[in-house]
Every structure is written in C-alpha cells, then in structure tokens.
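S.K.: Structure in structure tokens, see below.
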Number of protein chains: 2
Amino acid sequence: MPIRKSSCCAPVLKGQLEPDRADELAGLFRALGDPGRLRLLSFLAAQPGGEACVCHLTEPLGLAQPTVSHHLKVLTDANLLERERRGTWMYYRLRLDRLEELCAALVPPRKLANALQRRASL
Amino acid sequence: MPIRKSSCCAPVLKGQLEPDRADELAGLFRALGDPGRLRLLSFLAAQPGGEACVCHLTEPLGLAQPTVSHHLKVLTDANLLERERRGTWMYYRLRLDRLEELCAALVPPRKLANALQRRASL
DNA sequence: TCCTTACATCGATGAACGTCGATATTGCGC
DNA sequence: GCGCAATATCGACGTTCATCGATGTAAGGA
C-alpha cells in the first residue's frame with residue numbers, strides 16, 4: 001500500500017546517515033544500553049588511571065562473575081574498553097577518546113561547543 | 001562462592017553512578033541503539049527546523065509504516081523527540097537539548113571541552 | 001606436578017525487542 | 001454522516017539479549 005507524499009512538509013533529505021554507519025553507531029549505543037555496563041564504566045572512570053581488574057568490579061555491581069565478564073567483553077568488543085593482562089589479573093581501562101568520538105557523532109561539534117559555553121556562563 | 005579481594009588494585013569506589021540513574025541513562029542509550037532510529041534522528045536533523053511528518057520518513061528508511069511509528073514512539077517516550085499535531089499530519093521534532101544532556105552524561109564537560117579544543121586546533 | 005586463584009566460555013532459560021500485516025483512531029472535506 | 005488519508009495500536013513471530021551455574025583455561029606458588 002503506497003503512501004502518498006502529500007504536501008505536508010519538505011521531503012526529507014535521503015541518506016544523511018549511511019546505513020552502514022548507522023549500524024556501527026547503533027552497536028555502540030546498544031553497548032551503552034545496559035545499566036550494569038554503565039555502572040562498570042562509571043566505576044572504571046572513578047579509578048585512578050581509569051582502570052581496574054575484574055575481581056573488584058563484580059561485588060559493587062551485584063552481578064555474578066560470568067555476567068560481569070560478559071559485560072566487559074561487550075564493552076571491549078565495542079572498543080570502549082581495552083584489556084591488559086598482568087599476572088593472574090586482567091585489567092580493564094576506559095577509552096575516553098571513544099566516548100568523545102561518540103559524543104561528536106551525537107551532536108555536531110559546533111553546537112556542542114555552544115552548549116558547553118552556555119552552561120559555563122551560568 | 002565468595003570472590004577474594006586480593007591486592008590486585010585499589011578497590012573501586014562504590015555507587016559512583018546511582019542504579020536509578022544508570023537505568024535512566026541505559027534507557028536513553030537503548031533508544032539510540034537501533035540503526036533505524038538513528039537514521040530517523042539524522043533525517044530530522046537534516047530538515048529545516050529539525051522537524052518532519054511521518055509520511056516522509058517511512059520511504060527513505062525502507063521500513064513499514066507501523067515500524068516507523070513504533071520507532072518514533074520509542075524516541076518520543078525517551079523525550080528525544082516531541083510531537084505536534086497539525087491537521088491530519090503529525091510532526092516530530094528533534095530535541096537537541098536532550099542529546100546535549102546525554103553527551104554531558106557520557107563525558108565530563110571539562111574533558112569534552114578539552115577534546116573539542118584539541119580538535120579545533122588541528 | 002598439584003592446588004588455588006582469576007577470569008573466560010558454554011549452555012540454557014526467560015525476557016525484551018524489531019518487524020509487519022491487520023485493524024483501530026483521528027481529522028479533513030464533501 | 002460518509003469516505004478517505006495519515007497515523008497509532010494490536011497481535012504474532014523470530015531474533016537478540018541478560019543472567020547465571022557449570023565448566024574450561026591460564027597463571028602463580030609450594
């Protein structure tokens with residue numbers, strides 16, 4: 001059933017956001033779309049150096065160890081974390097640069113700068 | 001089976017991000033975690049005034065009308081869009097302020113400002 | 001080599017989600 | 001009120017996902 005394009009508004013520009021790029025961004029946002037994972041990021045950000053090993057993350061989250069491991073994997077696959085082995089322990093570190101990239105994708109940088117300026121002037 | 005907190009790293013600060021706030025933010029990111037919805041936002045952002053009615057959104061997305069309606073509802077429920085009726089047509093408009101808020105929640109504003117400055121100086 | 005600790009992977013289960021055809025609702029013009 | 005056009009809601013189906021117990025793997029110490 002074809003939808004008539006009556007004259008309600010200007011037709012929308014096509015392909016502003018490429019489907020491939022949309023898939024990629026959506027994957028990133030989906031990685032952020034879980035409260036446990038957000039708290040993981042928050043915990044890591046609160047650490048000096050933005051890093052911690054797994055054994056200190058499972059208790060404050062209230063999730064089982066396999067679940068935490070799963071979430072860490074999701075975030076690492078999305079390149080929002082990087083892992084490094086040190087002896088028995090596995091360290092996970094925040095990638096702030098990736099979060100900044102995501103911000104820039106969400107809001108045009110110029111508008112973001114304006115918003116930050118507005119906020120700073122209050 | 002209790003996990004021993006051996007001396008691998010400094011213990012993580014607790015409750016940096018409140019569970020309630022984490023749920024709220026996760027809901028927002030989940031709303032952004034679909035390629036169709038991201039393209040919807042992109043299409044709207046490309047429109048003068050950042051608004052459009054539904055009939056012009058369904059074709060470029062390649063999704064059926066009920067699906068588009070569903071996505072618009074998800075985004076509206078997340079307060080990322082606002083709707084306004086004009087006669088037969090329903091107009092959806094971007095809420096840039098909400099996207100800016102989300103950015104600020106992702107990256108501490110000071111670090112964001114630094115990142116933008118770095119980028120501007122290239 | 002054996003045991004223990006730290007972490008990852010597997011497999012299963014239940015819930016949430018994307019999609020769309022069919023149908024309902026709302027508003028406009030006649 | 002009737003009919004049509006625009007949009008929302010419903011219902012169902014298949015997929016994806018979060019969760020966790022059980023098990024596998026890898027590293028260090030005795």
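Chain labels follow the order of the structure tokens: the first chain is A, the next B, and so on; residue numbering restarts at 1 in every chain, and ligands are counted from 1 in their shown order.
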Enumerate as a list in words the residues belonging to chain A that approach chain C to within 12 Å, with only C-alpha atoms (C1' of nucleotides) taken into account.

M.R.: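 Close to chain C, chain A has Met1, Cys53, Val54, Cys55, His56, Thr58, Gln65, Pro66, Thr67, Val68, Ser69, His70, His71, Leu72, Lys73, Arg85, Arg86, Gly87, Thr88, Trp89, Met90 and Tyr91 of chain A.
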
S.K.: For N, CA and C atoms, I'd like the residues from the last selection saved as a compact mmCIF listing (two decimals), in the first residue's frame.

M.R.:
# COMPACT_ATOMS: atom_id res chain seq x y z
N MET A 1 0.85 -1.21 0.00
CA MET A 1 0.00 0.00 0.00
C MET A 1 0.88 1.25 0.00
N CYS A 53 40.81 -4.25 37.90
CA CYS A 53 40.73 -5.64 37.50
C CYS A 53 39.34 -6.17 37.85
N VAL A 54 38.98 -7.29 37.29
CA VAL A 54 37.63 -7.80 37.37
C VAL A 54 37.17 -8.07 38.80
N CYS A 55 38.08 -8.56 39.62
CA CYS A 55 37.69 -9.02 40.96
C CYS A 55 37.10 -7.91 41.80
N HIS A 56 37.39 -6.65 41.49
CA HIS A 56 36.84 -5.54 42.26
C HIS A 56 35.58 -4.97 41.64
N THR A 58 32.96 -7.05 40.35
CA THR A 58 31.77 -7.89 40.48
C THR A 58 30.97 -7.61 41.74
N GLN A 65 29.94 -13.28 38.56
CA GLN A 65 31.20 -13.07 37.82
C GLN A 65 31.06 -13.34 36.32
N PRO A 66 30.39 -14.41 35.88
CA PRO A 66 30.24 -14.60 34.43
C PRO A 66 29.50 -13.45 33.77
N THR A 67 28.53 -12.89 34.48
CA THR A 67 27.78 -11.77 33.92
C THR A 67 28.69 -10.56 33.74
N VAL A 68 29.49 -10.25 34.75
CA VAL A 68 30.41 -9.13 34.65
C VAL A 68 31.39 -9.36 33.51
N SER A 69 31.89 -10.58 33.42
CA SER A 69 32.82 -10.91 32.34
C SER A 69 32.16 -10.68 30.98
N HIS A 70 30.92 -11.08 30.89
CA HIS A 70 30.18 -10.88 29.64
C HIS A 70 30.07 -9.40 29.29
N HIS A 71 29.70 -8.59 30.27
CA HIS A 71 29.56 -7.16 30.02
C HIS A 71 30.90 -6.54 29.62
N LEU A 72 31.95 -6.97 30.28
CA LEU A 72 33.28 -6.45 29.93
C LEU A 72 33.64 -6.82 28.50
N LYS A 73 33.23 -8.00 28.10
CA LYS A 73 33.50 -8.41 26.72
C LYS A 73 32.74 -7.55 25.72
N ARG A 85 46.66 -7.97 30.42
CA ARG A 85 46.93 -8.99 31.43
C ARG A 85 48.13 -8.59 32.26
N ARG A 86 47.99 -8.73 33.60
CA ARG A 86 49.15 -8.53 34.48
C ARG A 86 49.15 -9.66 35.48
N GLY A 87 49.96 -10.66 35.17
CA GLY A 87 50.00 -11.84 36.03
C GLY A 87 48.65 -12.52 35.98
N THR A 88 48.12 -12.83 37.14
CA THR A 88 46.84 -13.52 37.21
C THR A 88 45.67 -12.62 36.83
N TRP A 89 45.89 -11.32 36.95
CA TRP A 89 44.77 -10.41 36.84
C TRP A 89 44.63 -9.78 35.47
N MET A 90 43.39 -9.46 35.14
CA MET A 90 43.11 -8.83 33.87
C MET A 90 42.64 -7.41 34.16
N TYR A 91 43.31 -6.45 33.60
CA TYR A 91 42.97 -5.06 33.84
C TYR A 91 42.16 -4.50 32.67

S.K.: Run DSSP on the backbone of this structure and report the residues of stretch 35-106 of chain B it assigns to helix (DSSP H, G or I), as a PyMOL selection string.

M.R.: chain B and resi 35-46+48-50+54-56+58-61+65-77+96-106

S.K.: Can those selected residues be exported to a file as a PDB file, in the first residue's frame so that it contains C-alpha atoms?

M.R.:
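Dumped everything to out.pdb:
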ATOM      1  CA  PRO B  35      20.036   1.866  13.165  1.00  0.00           C
ATOM      2  CA  GLY B  36      16.552   2.784  12.013  1.00  0.00           C
ATOM      3  CA  ARG B  37      16.066   5.160  14.913  1.00  0.00           C
ATOM      4  CA  LEU B  38      19.473   6.752  14.374  1.00  0.00           C
ATOM      5  CA  ARG B  39      18.616   7.345  10.744  1.00  0.00           C
ATOM      6  CA  LEU B  40      15.292   8.821  11.827  1.00  0.00           C
ATOM      7  CA  LEU B  41      17.129  11.282  14.045  1.00  0.00           C
ATOM      8  CA  SER B  42      19.542  12.044  11.248  1.00  0.00           C
ATOM      9  CA  PHE B  43      16.727  12.702   8.796  1.00  0.00           C
ATOM     10  CA  LEU B  44      15.017  15.001  11.240  1.00  0.00           C
ATOM     11  CA  ALA B  45      18.241  16.847  11.982  1.00  0.00           C
ATOM     12  CA  ALA B  46      18.717  17.436   8.258  1.00  0.00           C
ATOM     13  CA  PRO B  48      14.971  22.868   8.335  1.00  0.00           C
ATOM     14  CA  GLY B  49      13.591  23.318  11.834  1.00  0.00           C
ATOM     15  CA  GLY B  50      14.597  19.760  12.667  1.00  0.00           C
ATOM     16  CA  VAL B  54       5.729  10.633   9.341  1.00  0.00           C
ATOM     17  CA  CYS B  55       4.768  10.239   5.703  1.00  0.00           C
ATOM     18  CA  HIS B  56       8.163  11.481   4.536  1.00  0.00           C
ATOM     19  CA  THR B  58       8.856   5.852   6.025  1.00  0.00           C
ATOM     20  CA  GLU B  59      10.092   5.729   2.443  1.00  0.00           C
ATOM     21  CA  PRO B  60      13.773   6.682   2.858  1.00  0.00           C
ATOM     22  CA  LEU B  61      14.058   4.326   5.828  1.00  0.00           C
ATOM     23  CA  GLN B  65       4.723   2.488   8.415  1.00  0.00           C
ATOM     24  CA  PRO B  66       3.868   0.678  11.679  1.00  0.00           C
ATOM     25  CA  THR B  67       7.561   0.109  12.255  1.00  0.00           C
ATOM     26  CA  VAL B  68       8.392   3.772  11.754  1.00  0.00           C
ATOM     27  CA  SER B  69       5.531   4.719  14.043  1.00  0.00           C
ATOM     28  CA  HIS B  70       6.912   2.351  16.653  1.00  0.00           C
ATOM     29  CA  HIS B  71      10.401   3.836  16.449  1.00  0.00           C
ATOM     30  CA  LEU B  72       9.023   7.345  16.683  1.00  0.00           C
ATOM     31  CA  LYS B  73       7.130   6.316  19.799  1.00  0.00           C
ATOM     32  CA  VAL B  74      10.265   4.874  21.387  1.00  0.00           C
ATOM     33  CA  LEU B  75      12.184   8.085  20.700  1.00  0.00           C
ATOM     34  CA  THR B  76       9.315  10.237  21.899  1.00  0.00           C
ATOM     35  CA  ASP B  77       8.933   8.225  25.107  1.00  0.00           C
ATOM     36  CA  LEU B  96      18.832  18.792  20.625  1.00  0.00           C
ATOM     37  CA  ASP B  97      18.946  19.800  24.274  1.00  0.00           C
ATOM     38  CA  ARG B  98      18.355  16.184  25.280  1.00  0.00           C
ATOM     39  CA  LEU B  99      21.174  14.955  23.093  1.00  0.00           C
ATOM     40  CA  GLU B 100      23.467  17.550  24.648  1.00  0.00           C
ATOM     41  CA  GLU B 101      22.452  16.354  28.104  1.00  0.00           C
ATOM     42  CA  LEU B 102      23.306  12.816  27.114  1.00  0.00           C
ATOM     43  CA  CYS B 103      26.721  13.915  25.867  1.00  0.00           C
ATOM     44  CA  ALA B 104      27.392  15.648  29.148  1.00  0.00           C
ATOM     45  CA  ALA B 105      26.462  12.462  30.996  1.00  0.00           C
ATOM     46  CA  LEU B 106      28.850  10.428  28.847  1.00  0.00           C
TER      47      LEU B 106
END

S.K.: Just how far from atom CA of A:Asp34 is atom CA of B:Ala26, in Å to one decimal?

M.R.: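 Value for the atom CA of B:Ala26-atom CA of A:Asp34 distance: 5.0 Å.
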
S.K.: To one decimal place, how far is atom CA of A:Leu81 from atom CA of A:Leu17 in Å?

M.R.: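 Computing it gives 25.7 Å between the two atoms.
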
S.K.: Using only C-alpha atoms (C1' of nucleotides) and a distance of at most 8 Å, pull out the residues of chain D that contact chain B, as a list in words.

M.R.: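 Residues satisfying the distance criterion: DA5, DA6, DT7 and DA8 of chain D.
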
S.K.: Counting only C-alpha atoms, which of B:Leu94, B:Ala78, B:Val107, B:Leu63 gets nearest to chain A?

M.R.: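 Distance minimum relative to chain A lands on B:Val107.
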
S.K.: Please, what distance in Å, to one decimal, runs between atom CA of B:Leu57 and atom CA of B:Leu32?

M.R.: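 Atom CA of B:Leu32 lies at a distance of 16.9 Å from atom CA of B:Leu57.
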
S.K.: With only C-alpha atoms as the basis for distance, which of A:Glu24, A:Glu18, A:Leu80, A:Phe29 is at the shortest distance from chain B?

M.R.: A:Phe29
